[in-house]
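What follows is one structure encoded as structure tokens, with my remarks underneath.
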There are 2 protein chains.
Amino acid sequence: MLVVAALGGNALLRRGEPLTAEAQRANVKIAADSLAEIVRAGHRLVITHGNGPQVGLLALQGAAYKPEEAYPLDVLGAETEGMIGYIIEQELENALEHDRPVATLLTQVLVDKDDPAFKKPTKFVGPVYEKEEAETKAEAAGWHIARDGDKWRRVVPSPRPLEIPDVRVLQLLLEQDVVVICAGGGGIPILRRDDGSMIGVEAVIDKDAASALLARQLGADALLLLTDVDAIYRDFGKDTATPIRELSLDEARDLDLPAGSMGPKMAAAGNFAESGGVSGIGRLEDALAILERRAGTSVV
Amino acid sequence: MLVVAALGGNALLRRGEPLTAEAQRANVKIAADSLAEIVRAGHRLVITHGNGPQVGLLALQGAAYKPEEAYPLDVLGAETEGMIGYIIEQELENALEHDRPVATLLTQVLVDKDDPAFKKPTKFVGPVYEKEEAETKAEAAGWHIARDGDKWRRVVPSPRPLEIPDVRVLQLLLEQDVVVICAGGGGIPILRRDDGSMIGVEAVIDKDAASALLARQLGADALLLLTDVDAIYRDFGKDTATPIRELSLDEARDLDLPAGSMGPKMAAAGNFAESGGVSGIGRLEDALAILERRAGTSVV
């Protein structure tokens, strides 16, 4: 099977952990060991990943040095594709004992310049703050902020991904059994200008949405949305909570799912289901078991 | 022909220019227009680039935000492969009017853990400073510093590149006529541990050395070392200065070349010549003319 596996930014950098390279590497190692099982089971694999905490961190680093020379979000997104992609590639190559080629490809993703998201930022980036601290920072740096759980964070525009032009290159590599890491952070958002040329834009695409688009464009058999929860639950947060093994999109609509984390995943699963694909949602550690429907929640 | 073209970090970000994304994009656009001519002339093309100014900048940004969470040089190098690779890819795709696939690949490069460079840092990174300012910063941050022209800069270890494991993936792409951007910043330096696994190391590989290795491993026909000088000169700096169109390695040894910038280029040309390849040295704007020996200096 051709499998697209999306690693949650939070799974790579757990909430409350320092945003260090070491912390990321330790979490990536867990992901790499899990994903290596999919490769060893004989499947072709494309790996995508989030970058919310990281892209926000790089923006803070730039602003702390010289705010007037800070880099735009498309360039910072490209930096996170380098940073996170490298660590995933290295740990996955180690997990596979260097007997399978792994390649990390920068990935641009086309968005619409009239996407309403540019007027209404919703994508969380960077660290969490107490409300007052977030408000102070927002005023100083011109951020939009929003509540994330019991904390506050910067939010940036998150336009819908329309097309991944690089998909033909990905296909070439997959045909040759190369494991590919791509579309990190949902891809680098770009616009088509009137003259046909492309230019980056200040935004962060949702990585689940980009992964669903990628899975469709590649004709993948399965989309795995890997995170830090083991399944979707009926009666989530109550005593009667039970994990759901298989969920139809109609059933999903009737569930009261936590919007922040599960909303984009269900939307991605819904998008991929339209082309007949099955999505699995569950823990990073259970990748192969989710693919084989022994763990997580399959959205059909 | 299969051509490896190495873009100097200084050519992408000219001395004295602010280290902004805009300044880099403007210079990259010049490079992209020039490199597009090579592709349109029917050659296969691999592009590498330096990252000295950029990797030093990212280190400064990280230290300005939270020094205790600063990223190691291998991770910063990976970030610059994302940042610079993205801008080159986008501008080259625009220059080629999107009718040829261009792919940017993260590239790890193996070095020797016992390389003497780890004890003697020589590679310039980051901005230039007056001597006193450099000394103050060196003391505060634990940098090594060295004189670069009439200014001072941070220096880091620059071990010799031994092997580029990703070369088989590059070959797959080149066989399919994909233009490849790779080995940015000389590649991400990695070591082989005793158990056979790989791990990044704090260093910055010279991009000319890595490009020569890459050209050899790929069996390239030509290596272009593109910079901001139009040729190697006899009697450089004197009234009698004359550009040299063709130079043998023996003749090169007798020339009094400026060590800082031309030293690594002549070493790279020498290395590539050992496998029978011809290197061209000259201006970014003259890429095709240098390849066709109408400009620059050919080292044979």
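In the structure tokens, chains take letters A, B, ... by order of appearance, with residues numbered from 1 within each chain and ligands from 1 in the order shown.
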
Using only C-alpha atoms, find each residue of range 201-293 of chain B with at least one atom at most 8 Å away from an atom of range 118-135 of chain B; report its shortest atom-to-atom pair and that distance in Å (one decimal), sort the rows by chain and rising residue number, and return the result as a Markdown table.
| residue | atom | partner | partner_atom | distance |
| --- | --- | --- | --- | --- |
| B:Ala203 | CA | B:Phe118 | CA | 7.8 |
| B:Val204 | CA | B:Lys123 | CA | 7.0 |
| B:Asp206 | CA | B:Lys123 | CA | 7.4 |

Any chance you could dump chain B, least-squares fitted to chain A on all C-alpha atoms in order, as an mmCIF file with C-alpha atoms, in the first residue's frame?
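As a result, selection34.cif now contains:
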data_model
loop_
_atom_site.group_PDB
_atom_site.id
_atom_site.type_symbol
_atom_site.label_atom_id
_atom_site.label_comp_id
_atom_site.auth_asym_id
_atom_site.auth_seq_id
_atom_site.Cartn_x
_atom_site.Cartn_y
_atom_site.Cartn_z
ATOM 1 C CA MET B 1 0.006 -0.004 0.016
ATOM 2 C CA LEU B 2 0.973 3.626 -0.440
ATOM 3 C CA VAL B 3 0.641 5.288 2.952
ATOM 4 C CA VAL B 4 0.749 9.000 3.831
ATOM 5 C CA ALA B 5 1.526 9.459 7.545
ATOM 6 C CA ALA B 6 1.098 12.912 9.094
ATOM 7 C CA LEU B 7 2.951 13.580 12.364
ATOM 8 C CA GLY B 8 1.351 16.116 14.666
ATOM 9 C CA GLY B 9 3.497 19.088 15.632
ATOM 10 C CA ASN B 10 2.441 18.484 19.222
ATOM 11 C CA ALA B 11 3.524 14.868 19.010
ATOM 12 C CA LEU B 12 6.996 16.028 17.952
ATOM 13 C CA LEU B 13 7.198 18.626 20.672
ATOM 14 C CA ARG B 14 4.930 17.920 23.604
ATOM 15 C CA ARG B 15 3.149 20.720 25.363
ATOM 16 C CA GLY B 16 5.225 22.184 28.155
ATOM 17 C CA GLU B 17 8.489 20.683 26.904
ATOM 18 C CA PRO B 18 11.268 23.155 26.116
ATOM 19 C CA LEU B 19 11.539 23.827 22.368
ATOM 20 C CA THR B 20 15.036 22.362 22.177
ATOM 21 C CA ALA B 21 16.561 20.236 19.442
ATOM 22 C CA GLU B 22 17.112 17.442 22.000
ATOM 23 C CA ALA B 23 13.447 17.322 23.036
ATOM 24 C CA GLN B 24 12.388 17.183 19.391
ATOM 25 C CA ARG B 25 14.902 14.455 18.588
ATOM 26 C CA ALA B 26 13.696 12.288 21.479
ATOM 27 C CA ASN B 27 10.091 12.508 20.250
ATOM 28 C CA VAL B 28 11.091 12.051 16.613
ATOM 29 C CA LYS B 29 12.922 8.867 17.583
ATOM 30 C CA ILE B 30 9.664 7.404 18.901
ATOM 31 C CA ALA B 31 7.941 8.359 15.643
ATOM 32 C CA ALA B 32 10.789 6.956 13.542
ATOM 33 C CA ASP B 33 10.731 3.581 15.284
ATOM 34 C CA SER B 34 6.994 3.408 14.717
ATOM 35 C CA LEU B 35 7.127 4.464 11.057
ATOM 36 C CA ALA B 36 9.973 2.056 10.335
ATOM 37 C CA GLU B 37 7.533 -0.779 11.083
ATOM 38 C CA ILE B 38 5.342 0.377 8.199
ATOM 39 C CA VAL B 39 8.298 0.353 5.823
ATOM 40 C CA ARG B 40 9.459 -3.086 7.026
ATOM 41 C CA ALA B 41 5.934 -4.411 6.538
ATOM 42 C CA GLY B 42 6.442 -3.709 2.822
ATOM 43 C CA HIS B 43 4.479 -0.509 2.344
ATOM 44 C CA ARG B 44 5.551 2.625 0.486
ATOM 45 C CA LEU B 45 5.576 5.591 2.818
ATOM 46 C CA VAL B 46 5.282 9.382 2.625
ATOM 47 C CA ILE B 47 5.745 11.293 5.872
ATOM 48 C CA THR B 48 4.429 14.792 6.544
ATOM 49 C CA HIS B 49 4.657 16.736 9.782
ATOM 50 C CA GLY B 50 3.371 19.801 11.582
ATOM 51 C CA ASN B 51 5.459 22.848 12.501
ATOM 52 C CA GLY B 52 3.225 25.028 14.674
ATOM 53 C CA PRO B 53 5.474 25.240 17.737
ATOM 54 C CA GLN B 54 8.639 25.425 15.641
ATOM 55 C CA VAL B 55 7.616 28.091 13.111
ATOM 56 C CA GLY B 56 6.445 30.309 15.960
ATOM 57 C CA LEU B 57 9.733 29.745 17.764
ATOM 58 C CA LEU B 58 11.794 30.754 14.729
ATOM 59 C CA ALA B 59 9.717 33.928 14.407
ATOM 60 C CA LEU B 60 10.451 34.717 18.058
ATOM 61 C CA GLN B 61 14.162 34.056 17.564
ATOM 62 C CA GLY B 62 14.303 36.397 14.564
ATOM 63 C CA ALA B 63 12.385 39.116 16.404
ATOM 64 C CA ALA B 64 14.666 38.796 19.450
ATOM 65 C CA TYR B 65 17.753 39.437 17.297
ATOM 66 C CA LYS B 66 16.639 42.147 14.838
ATOM 67 C CA PRO B 67 12.881 42.634 14.503
ATOM 68 C CA GLU B 68 13.348 44.875 11.452
ATOM 69 C CA GLU B 69 15.093 42.030 9.599
ATOM 70 C CA ALA B 70 12.648 39.286 10.626
ATOM 71 C CA TYR B 71 11.848 36.675 7.978
ATOM 72 C CA PRO B 72 8.347 36.185 6.564
ATOM 73 C CA LEU B 73 6.346 33.076 7.467
ATOM 74 C CA ASP B 74 6.918 31.314 4.145
ATOM 75 C CA VAL B 75 10.692 31.478 4.652
ATOM 76 C CA LEU B 76 10.363 30.399 8.290
ATOM 77 C CA GLY B 77 8.169 27.519 7.156
ATOM 78 C CA ALA B 78 10.905 26.464 4.734
ATOM 79 C CA GLU B 79 13.392 26.610 7.631
ATOM 80 C CA THR B 80 11.207 24.278 9.686
ATOM 81 C CA GLU B 81 10.966 21.843 6.748
ATOM 82 C CA GLY B 82 14.763 21.745 6.884
ATOM 83 C CA MET B 83 15.026 21.463 10.648
ATOM 84 C CA ILE B 84 12.292 18.926 11.358
ATOM 85 C CA GLY B 85 12.744 17.022 8.099
ATOM 86 C CA TYR B 86 16.418 16.516 8.859
ATOM 87 C CA ILE B 87 15.782 15.104 12.322
ATOM 88 C CA ILE B 88 13.024 12.790 11.044
ATOM 89 C CA GLU B 89 15.177 11.630 8.122
ATOM 90 C CA GLN B 90 18.186 10.913 10.305
ATOM 91 C CA GLU B 91 16.269 9.020 12.966
ATOM 92 C CA LEU B 92 14.250 7.073 10.385
ATOM 93 C CA GLU B 93 17.416 6.104 8.488
ATOM 94 C CA ASN B 94 18.876 4.913 11.777
ATOM 95 C CA ALA B 95 15.704 2.982 12.617
ATOM 96 C CA LEU B 96 15.850 1.339 9.163
ATOM 97 C CA GLU B 97 19.566 0.633 9.667
ATOM 98 C CA HIS B 98 20.383 2.569 6.486
ATOM 99 C CA ASP B 99 19.143 -0.142 4.152
ATOM 100 C CA ARG B 100 16.372 1.959 2.602
ATOM 101 C CA PRO B 101 16.777 5.390 1.007
ATOM 102 C CA VAL B 102 14.938 8.233 2.723
ATOM 103 C CA ALA B 103 14.651 11.656 1.095
ATOM 104 C CA THR B 104 13.375 14.958 2.466
ATOM 105 C CA LEU B 105 11.933 17.280 -0.141
ATOM 106 C CA LEU B 106 11.013 20.931 0.284
ATOM 107 C CA THR B 107 7.395 21.298 -0.731
ATOM 108 C CA GLN B 108 5.566 24.386 -1.908
ATOM 109 C CA VAL B 109 1.776 24.351 -1.737
ATOM 110 C CA LEU B 110 -0.458 26.641 -3.758
ATOM 111 C CA VAL B 111 -3.133 28.656 -1.933
ATOM 112 C CA ASP B 112 -5.710 31.210 -3.117
ATOM 113 C CA LYS B 113 -4.818 34.852 -2.591
ATOM 114 C CA ASP B 114 -8.487 35.552 -1.869
ATOM 115 C CA ASP B 115 -8.745 32.814 0.771
ATOM 116 C CA PRO B 116 -10.825 34.254 3.650
ATOM 117 C CA ALA B 117 -8.214 32.888 6.097
ATOM 118 C CA PHE B 118 -5.968 35.861 5.300
ATOM 119 C CA LYS B 119 -8.505 38.094 7.016
ATOM 120 C CA LYS B 120 -9.159 35.716 9.905
ATOM 121 C CA PRO B 121 -6.023 34.105 11.423
ATOM 122 C CA THR B 122 -6.761 30.822 13.224
ATOM 123 C CA LYS B 123 -3.596 28.687 13.128
ATOM 124 C CA PHE B 124 -1.713 28.430 16.439
ATOM 125 C CA VAL B 125 2.049 28.933 16.246
ATOM 126 C CA GLY B 126 4.799 29.190 18.848
ATOM 127 C CA PRO B 127 4.701 28.729 22.626
ATOM 128 C CA VAL B 128 1.681 29.064 24.900
ATOM 129 C CA TYR B 129 1.337 32.054 27.238
ATOM 130 C CA GLU B 130 -0.837 33.241 30.068
ATOM 131 C CA LYS B 131 -3.473 35.656 28.751
ATOM 132 C CA GLU B 132 -1.832 38.852 29.976
ATOM 133 C CA GLU B 133 1.594 37.954 28.608
ATOM 134 C CA ALA B 134 0.063 37.016 25.252
ATOM 135 C CA GLU B 135 -1.752 40.366 25.100
ATOM 136 C CA THR B 136 1.424 42.290 25.861
ATOM 137 C CA LYS B 137 3.337 40.423 23.172
ATOM 138 C CA ALA B 138 0.504 40.800 20.670
ATOM 139 C CA GLU B 139 0.509 44.542 21.144
ATOM 140 C CA ALA B 140 4.298 44.812 20.813
ATOM 141 C CA ALA B 141 4.657 42.566 17.771
ATOM 142 C CA GLY B 142 1.345 43.106 15.981
ATOM 143 C CA TRP B 143 0.253 39.502 16.539
ATOM 144 C CA HIS B 144 -3.219 38.102 16.468
ATOM 145 C CA ILE B 145 -3.766 35.867 19.494
ATOM 146 C CA ALA B 146 -6.409 33.333 20.502
ATOM 147 C CA ARG B 147 -7.184 30.986 23.364
ATOM 148 C CA ASP B 148 -5.690 27.477 23.078
ATOM 149 C CA GLY B 149 -7.078 25.332 25.891
ATOM 150 C CA ASP B 150 -6.378 27.215 29.110
ATOM 151 C CA LYS B 151 -3.528 29.271 27.581
ATOM 152 C CA TRP B 152 -3.129 31.827 24.801
ATOM 153 C CA ARG B 153 -1.058 31.701 21.627
ATOM 154 C CA ARG B 154 -0.247 33.624 18.502
ATOM 155 C CA VAL B 155 -2.467 32.778 15.526
ATOM 156 C CA VAL B 156 -1.643 33.263 11.821
ATOM 157 C CA PRO B 157 -3.629 32.854 8.587
ATOM 158 C CA SER B 158 -4.137 29.258 7.500
ATOM 159 C CA PRO B 159 -5.452 29.187 3.935
ATOM 160 C CA ARG B 160 -6.795 26.008 2.333
ATOM 161 C CA PRO B 161 -4.217 24.114 0.257
ATOM 162 C CA LEU B 162 -5.271 23.927 -3.415
ATOM 163 C CA GLU B 163 -2.508 22.062 -5.203
ATOM 164 C CA ILE B 164 0.931 20.565 -4.594
ATOM 165 C CA PRO B 165 2.931 21.245 -7.761
ATOM 166 C CA ASP B 166 5.876 19.100 -6.586
ATOM 167 C CA VAL B 167 3.776 15.945 -6.594
ATOM 168 C CA ARG B 168 5.312 14.662 -9.831
ATOM 169 C CA VAL B 169 8.754 14.662 -8.212
ATOM 170 C CA LEU B 170 7.393 12.801 -5.196
ATOM 171 C CA GLN B 171 5.905 10.186 -7.501
ATOM 172 C CA LEU B 172 9.261 9.597 -9.186
ATOM 173 C CA LEU B 173 10.844 8.881 -5.811
ATOM 174 C CA LEU B 174 8.021 6.665 -4.579
ATOM 175 C CA GLU B 175 8.179 4.581 -7.753
ATOM 176 C CA GLN B 176 11.789 3.834 -6.820
ATOM 177 C CA ASP B 177 10.872 2.790 -3.277
ATOM 178 C CA VAL B 178 12.332 5.877 -1.650
ATOM 179 C CA VAL B 179 10.676 6.830 1.647
ATOM 180 C CA VAL B 180 9.778 10.509 1.269
ATOM 181 C CA ILE B 181 9.438 13.218 3.906
ATOM 182 C CA CYS B 182 7.621 16.231 2.487
ATOM 183 C CA ALA B 183 4.977 18.938 2.940
ATOM 184 C CA GLY B 184 6.404 19.714 6.380
ATOM 185 C CA GLY B 185 4.374 22.281 8.261
ATOM 186 C CA GLY B 186 1.621 21.816 5.678
ATOM 187 C CA GLY B 187 4.028 22.943 2.965
ATOM 188 C CA ILE B 188 5.391 26.371 2.116
ATOM 189 C CA PRO B 189 2.388 28.503 1.132
ATOM 190 C CA ILE B 190 2.671 30.170 -2.276
ATOM 191 C CA LEU B 191 0.430 32.245 -4.520
ATOM 192 C CA ARG B 192 0.253 32.417 -8.298
ATOM 193 C CA ARG B 193 0.754 35.996 -9.478
ATOM 194 C CA ASP B 194 -1.030 37.471 -12.474
ATOM 195 C CA ASP B 195 2.014 36.859 -14.681
ATOM 196 C CA GLY B 196 1.975 33.139 -13.812
ATOM 197 C CA SER B 197 4.995 33.283 -11.497
ATOM 198 C CA MET B 198 4.829 32.034 -7.899
ATOM 199 C CA ILE B 199 5.652 33.854 -4.675
ATOM 200 C CA GLY B 200 5.561 32.874 -1.019
ATOM 201 C CA VAL B 201 2.906 34.282 1.281
ATOM 202 C CA GLU B 202 2.708 34.893 5.037
ATOM 203 C CA ALA B 203 0.677 31.944 6.284
ATOM 204 C CA VAL B 204 0.917 28.440 7.760
ATOM 205 C CA ILE B 205 -1.139 25.730 6.071
ATOM 206 C CA ASP B 206 -2.773 23.103 8.274
ATOM 207 C CA LYS B 207 -0.669 19.960 7.912
ATOM 208 C CA ASP B 208 -3.670 17.611 8.084
ATOM 209 C CA ALA B 209 -5.353 19.485 5.225
ATOM 210 C CA ALA B 210 -2.150 19.443 3.172
ATOM 211 C CA SER B 211 -1.637 15.747 3.934
ATOM 212 C CA ALA B 212 -5.146 14.877 2.735
ATOM 213 C CA LEU B 213 -4.555 16.818 -0.482
ATOM 214 C CA LEU B 214 -1.224 15.070 -0.928
ATOM 215 C CA ALA B 215 -2.791 11.648 -0.318
ATOM 216 C CA ARG B 216 -5.432 12.417 -2.964
ATOM 217 C CA GLN B 217 -2.950 13.750 -5.515
ATOM 218 C CA LEU B 218 -0.717 10.698 -5.010
ATOM 219 C CA GLY B 219 -3.631 8.258 -5.092
ATOM 220 C CA ALA B 220 -2.584 6.897 -1.696
ATOM 221 C CA ASP B 221 -4.354 3.923 -0.130
ATOM 222 C CA ALA B 222 -4.287 5.191 3.437
ATOM 223 C CA LEU B 223 -3.813 8.429 5.352
ATOM 224 C CA LEU B 224 -2.579 8.168 8.941
ATOM 225 C CA LEU B 225 -3.107 11.211 11.160
ATOM 226 C CA LEU B 226 -0.785 10.503 14.070
ATOM 227 C CA THR B 227 -1.032 12.435 17.299
ATOM 228 C CA ASP B 228 -0.889 12.009 21.073
ATOM 229 C CA VAL B 229 -4.349 10.495 21.616
ATOM 230 C CA ASP B 230 -4.945 6.808 20.980
ATOM 231 C CA ALA B 231 -8.317 7.062 19.273
ATOM 232 C CA ILE B 232 -11.473 9.123 18.832
ATOM 233 C CA TYR B 233 -13.770 8.561 21.785
ATOM 234 C CA ARG B 234 -17.492 8.366 22.206
ATOM 235 C CA ASP B 235 -18.431 10.438 25.299
ATOM 236 C CA PHE B 236 -14.934 11.968 25.377
ATOM 237 C CA GLY B 237 -14.062 13.276 28.843
ATOM 238 C CA LYS B 238 -16.855 11.383 30.604
ATOM 239 C CA ASP B 239 -16.791 8.190 32.679
ATOM 240 C CA THR B 240 -18.523 6.396 29.816
ATOM 241 C CA ALA B 241 -15.787 7.339 27.320
ATOM 242 C CA THR B 242 -15.059 4.500 24.859
ATOM 243 C CA PRO B 243 -12.650 4.424 21.925
ATOM 244 C CA ILE B 244 -14.266 4.134 18.484
ATOM 245 C CA ARG B 245 -12.561 1.608 16.209
ATOM 246 C CA GLU B 246 -14.413 2.489 13.010
ATOM 247 C CA LEU B 247 -16.297 5.666 12.291
ATOM 248 C CA SER B 248 -18.238 6.782 9.251
ATOM 249 C CA LEU B 249 -18.272 10.452 8.292
ATOM 250 C CA ASP B 250 -21.998 10.598 9.050
ATOM 251 C CA GLU B 251 -21.429 9.218 12.536
ATOM 252 C CA ALA B 252 -18.525 11.645 13.036
ATOM 253 C CA ARG B 253 -20.834 14.599 12.455
ATOM 254 C CA ASP B 254 -22.977 13.513 15.393
ATOM 255 C CA LEU B 255 -20.037 13.242 17.799
ATOM 256 C CA ASP B 256 -19.090 16.153 20.008
ATOM 257 C CA LEU B 257 -15.382 16.184 19.180
ATOM 258 C CA PRO B 258 -12.906 18.622 20.703
ATOM 259 C CA ALA B 259 -12.611 21.187 17.885
ATOM 260 C CA GLY B 260 -9.012 22.365 18.329
ATOM 261 C CA SER B 261 -7.135 19.177 17.641
ATOM 262 C CA MET B 262 -9.684 16.781 16.142
ATOM 263 C CA GLY B 263 -11.496 19.258 13.892
ATOM 264 C CA PRO B 264 -8.771 19.500 11.229
ATOM 265 C CA LYS B 265 -8.188 15.729 11.424
ATOM 266 C CA MET B 266 -11.839 14.904 10.780
ATOM 267 C CA ALA B 267 -11.930 17.445 7.948
ATOM 268 C CA ALA B 268 -8.829 15.860 6.415
ATOM 269 C CA ALA B 269 -10.276 12.364 6.812
ATOM 270 C CA GLY B 270 -13.494 13.578 5.195
ATOM 271 C CA ASN B 271 -11.629 15.084 2.275
ATOM 272 C CA PHE B 272 -9.602 11.920 1.730
ATOM 273 C CA ALA B 273 -12.714 9.744 2.057
ATOM 274 C CA GLU B 274 -14.271 11.595 -0.894
ATOM 275 C CA SER B 275 -11.690 9.948 -3.116
ATOM 276 C CA GLY B 276 -12.390 6.582 -1.494
ATOM 277 C CA GLY B 277 -9.453 6.563 0.899
ATOM 278 C CA VAL B 278 -9.462 5.361 4.498
ATOM 279 C CA SER B 279 -7.912 7.534 7.204
ATOM 280 C CA GLY B 280 -6.628 6.301 10.535
ATOM 281 C CA ILE B 281 -6.345 8.513 13.591
ATOM 282 C CA GLY B 282 -4.318 7.502 16.647
ATOM 283 C CA ARG B 283 -1.051 7.539 18.543
ATOM 284 C CA LEU B 284 2.323 8.080 16.926
ATOM 285 C CA GLU B 285 3.548 4.844 18.510
ATOM 286 C CA ASP B 286 0.817 2.741 16.889
ATOM 287 C CA ALA B 287 1.343 3.633 13.217
ATOM 288 C CA LEU B 288 1.360 0.104 11.771
ATOM 289 C CA ALA B 289 -1.403 -1.107 14.114
ATOM 290 C CA ILE B 290 -3.581 1.829 13.000
ATOM 291 C CA LEU B 291 -2.885 1.037 9.345
ATOM 292 C CA GLU B 292 -3.924 -2.573 9.994
ATOM 293 C CA ARG B 293 -6.972 -1.350 11.958
ATOM 294 C CA ARG B 294 -5.789 -2.959 15.186
ATOM 295 C CA ALA B 295 -5.545 0.423 16.929
ATOM 296 C CA GLY B 296 -6.785 3.992 16.592
ATOM 297 C CA THR B 297 -9.950 5.047 14.813
ATOM 298 C CA SER B 298 -10.519 4.327 11.118
ATOM 299 C CA VAL B 299 -12.642 6.905 9.320
ATOM 300 C CA VAL B 300 -14.424 5.307 6.385
#

(message) Can you pull out every residue from range 89-255 of chain B that DSSP, working from the backbone, puts in strand (DSSP E), and format the result as an MDAnalysis selection string?
(response) chainID B and resid 102:104 108:110 123:129 144:148 151:156 179:181 188:192 198:200 222:227 232:234 242:244 246:247

(message) For the structure I just gave you, how does DSSP split range 40-176 of chain A - specifically, which residues are helix (DSSP H, G or I)? Reply as number ranges by chain.
(response) A: 40, 52-65, 67-69, 73-95, 116-119, 131-141, 167-175
